[in-house]
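Notes to accompany the following structure.
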Amino acid sequence: MQDNATRTGKRERAGKDHDVSVDLIAVVVAVAGQEPRVLTIGEANGLPSGPFELAHRSLQFGLRTWVEQQTGHRLGYIEQLYTFADRDRIGDERQERVISISYLALARMDQVAGSPERAWRSWYDFFPWEDRRAGIPQLVTEILQPRLLAWASGAVDAALRGERRRRAAIAFGIDEHDWNEEFCLQRYELLYEAGLVEEAMRGRDANGALIPGPAMIADHRRILATGIARLRSKIKYRPVVFELMPPVFTLLQLQRTVEALAGVTVHKQNFRRLIEQQDLVEETGQMSSDTGGRPAKLFRFRHAVLDERPSAGTK
């Protein structure tokens, strides 16, 4: 028979083999200079994050605590994104199982001062293929699309080749498929599967096939893609874009903010007609002289819309 010490030692080793930790990760978004920005820490390649601890009374409290400690920013609007637990996507040497719970937070850049430990980066730095405001990026036609189609053609059988080609076409608007700005996560996951982003090739030879776009620590670029996709979808049916606007703004500033987030341009008159039809804004009676042309009317978000109906957005 085994003595108590032997059994205790085995239980302790088994417990260590099954250790699980929970990381709280924040995608904090702002818009400035007609660019969507994400708050990063460290060498500007990580999102604010930290472990969920016993002292935290809730997941959100823990997240808010870590973000404030690491960036000096107190979070306002926040919603949970997704929970990730893929063992092979972390990219570090920790022996425990890591569960990452991600959140989307909306902010204004003037609320956080810059420092060497934190920075506001355009999210198009990490996803350069997602910005189509000036048309299809040259990166897509000259680098990304040929390499992605070469990966599809390299499958071992015809059925798999056809499936890969179809997925690439739907995700990236190839073969007469329309571009869908909400497919940000699907596009990144497809590039990961094809071994075209740095995170997929950690510890392996990439043979020079990687496409431009800096990697992020662990699985943070995947989490950022999830946040972008969520926000691009949500601005169409909920007025969350106003969380990113100053207290007063012109309709052109509002339009440019929506375009920055969506990565596509919108029809000016149709956009304004939709905003007016939904009574999302109200005039302040003031004019802006910072337009570079004729003074423009200043508006503010009409908060009563939140009580009047459950769904309102920019479509």
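Identifiers in the structure tokens: chain A, B, ... in order shown; residue index from 1 per chain; ligand index from 1 in order shown.
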Next on the checklist: To test your reading of the structure, identify every residue in segment 38-130 of chain A that backbone DSSP assigns to strand (DSSP E or B), and report it as a PyMOL selection string.
Outcome noted: chain A and resi 38-41+46+49-51+77-84+97-106+115+118-122
Checklist entry - Running DSSP on the backbone, which parts of segment 101-308 of chain A land in helix (DSSP H, G or I), as a count of residues only? => result 105
Would you pick out the contacts of Ala200 of chain A at 9 Å or less, using only C-alpha atoms, so that residues sharing its chain but fewer than 6 positions from it are not included, and give the list as a tab-separated table (two decimals) with N, CA, C and O atoms, in the first residue's frame?
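Wrote result01.tsv, looks like this:
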```tsv
chain	number	residue	atom	x	y	z
A	89	ARG	N	-2.32	28.37	-29.20
A	89	ARG	CA	-2.31	29.73	-29.74
A	89	ARG	C	-1.68	30.73	-28.79
A	89	ARG	O	-1.60	31.91	-29.11
A	191	LEU	N	-5.74	33.58	-42.71
A	191	LEU	CA	-4.32	33.85	-42.91
A	191	LEU	C	-3.47	33.07	-41.91
A	191	LEU	O	-2.36	32.61	-42.24
A	192	TYR	N	-3.98	32.90	-40.70
A	192	TYR	CA	-3.28	32.09	-39.70
A	192	TYR	C	-3.20	30.64	-40.17
A	192	TYR	O	-2.14	30.00	-40.11
A	193	GLU	N	-4.32	30.11	-40.62
A	193	GLU	CA	-4.35	28.72	-41.10
A	193	GLU	C	-3.40	28.52	-42.27
A	193	GLU	O	-2.77	27.46	-42.41
A	194	ALA	N	-3.29	29.54	-43.12
A	194	ALA	CA	-2.43	29.45	-44.29
A	194	ALA	C	-0.95	29.69	-43.95
A	194	ALA	O	-0.09	29.57	-44.83
```
Next on the checklist: Taking 2 positions as the minimum chain separation for residues in the same chain, which residues sit within 12 Å of Leu81 of chain A when counting only C-alpha atoms? Answer as a list in words.
Outcome noted: Leu24, Ile25, Ala26, Val27, Val28, Gln60, Ile78, Glu79, Thr83, Phe84, Ser100, Ile101, Ser102, Tyr103, Leu104, Ala105, Arg222, Ile223, Leu224, Ala225, Thr226, Gly227, Ile228, Ala229, Arg230, Leu231 and Lys234 of chain A
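For the residues A:Gln277, A:Asn45, A:Thr284, A:Gln186, ranking by smallest atom-to-atom distance to Leu298 of chain A using only C-alpha atoms places A:Thr284 first.
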Next on the checklist: Report as a list of chain:residue names all protein, DNA and RNA residues lying within 12 Å of Gly285 of chain A, evaluated on only C-alpha atoms, omitting residues in the same chain fewer than 4 positions from it.
Outcome noted: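 Once the nearby chain positions are removed, what remains is A:Val248, A:Phe249, A:Thr250, A:Ala296, A:Lys297, A:Leu298, A:Phe299, A:Arg300.
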Residue subset to file, keeping N, CA and C atoms, as a JSON list (two decimals), in the first residue's frame:
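See out12.json below for the written result:
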```json
[["chain", "number", "residue", "atom", "x", "y", "z"],
["A", 248, "VAL", "N", -19.71, 67.54, -28.71],
["A", 248, "VAL", "CA", -20.35, 68.16, -29.88],
["A", 248, "VAL", "C", -19.48, 67.87, -31.10],
["A", 249, "PHE", "N", -20.12, 67.78, -32.25],
["A", 249, "PHE", "CA", -19.41, 67.35, -33.46],
["A", 249, "PHE", "C", -20.23, 67.77, -34.68],
["A", 250, "THR", "N", -19.59, 67.76, -35.83],
["A", 250, "THR", "CA", -20.30, 67.99, -37.09],
["A", 250, "THR", "C", -20.72, 66.63, -37.66],
["A", 296, "ALA", "N", -19.93, 74.81, -40.18],
["A", 296, "ALA", "CA", -20.88, 73.69, -40.18],
["A", 296, "ALA", "C", -21.61, 73.63, -38.85],
["A", 297, "LYS", "N", -22.82, 73.14, -38.89],
["A", 297, "LYS", "CA", -23.61, 73.01, -37.68],
["A", 297, "LYS", "C", -22.99, 72.00, -36.73],
["A", 298, "LEU", "N", -23.08, 72.27, -35.45],
["A", 298, "LEU", "CA", -22.62, 71.34, -34.42],
["A", 298, "LEU", "C", -23.81, 70.59, -33.85],
["A", 299, "PHE", "N", -23.61, 69.28, -33.65],
["A", 299, "PHE", "CA", -24.65, 68.41, -33.13],
["A", 299, "PHE", "C", -24.16, 67.72, -31.86],
["A", 300, "ARG", "N", -25.09, 67.11, -31.15],
["A", 300, "ARG", "CA", -24.75, 66.23, -30.03],
["A", 300, "ARG", "C", -25.66, 65.01, -30.09]]
```
Checklist entry - For His220 of chain A, which residue among A:Leu190, A:Ala44, A:Val156, A:Leu280 is the nearest when counting only C-alpha atoms? => result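 Smallest distance to His220 of chain A is found for A:Ala44.
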Checklist entry - Of the candidates A:Ala134, A:Leu47, A:Leu251, A:Leu306, which one gets nearest to Val264 of chain A if we count only C-alpha atoms? => result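 The closest residue to Val264 of chain A is A:Ala134.
When only C-alpha atoms are used to measure the gap to Asp219 of chain A, the shortest distance among A:Ala171, A:Ile99, A:Val240, A:Ala30 belongs to A:Ile99.
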Next on the checklist: Which residues are near segment 174-183 of chain A? Cut-off 7 Å, only C-alpha atoms, ignore same chain within fewer than 5 positions. Put them as number ranges by chain.
Outcome noted: A: 169, 229, 232-233, 262
Checklist entry - Which is closest to Leu261 of chain A among A:Ile211, A:Glu68, A:Glu43, A:Arg133, if we use only C-alpha atoms? => result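 Using only C-alpha atoms, the shortest distance to Leu261 of chain A belongs to A:Arg133.
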Checklist entry - Counting only C-alpha atoms, what is within 8 Å of Gln255 of chain A, bar same-chain residues fewer than 5 positions away, as a ChimeraX atom specification? => result /A:266,268,271
Item to check | Residue nearest Val98 of chain A - candidates A:Gly162, A:Gly154, A:Pro212, A:Pro51, atoms counted: only C-alpha atoms | outcome: A:Pro51
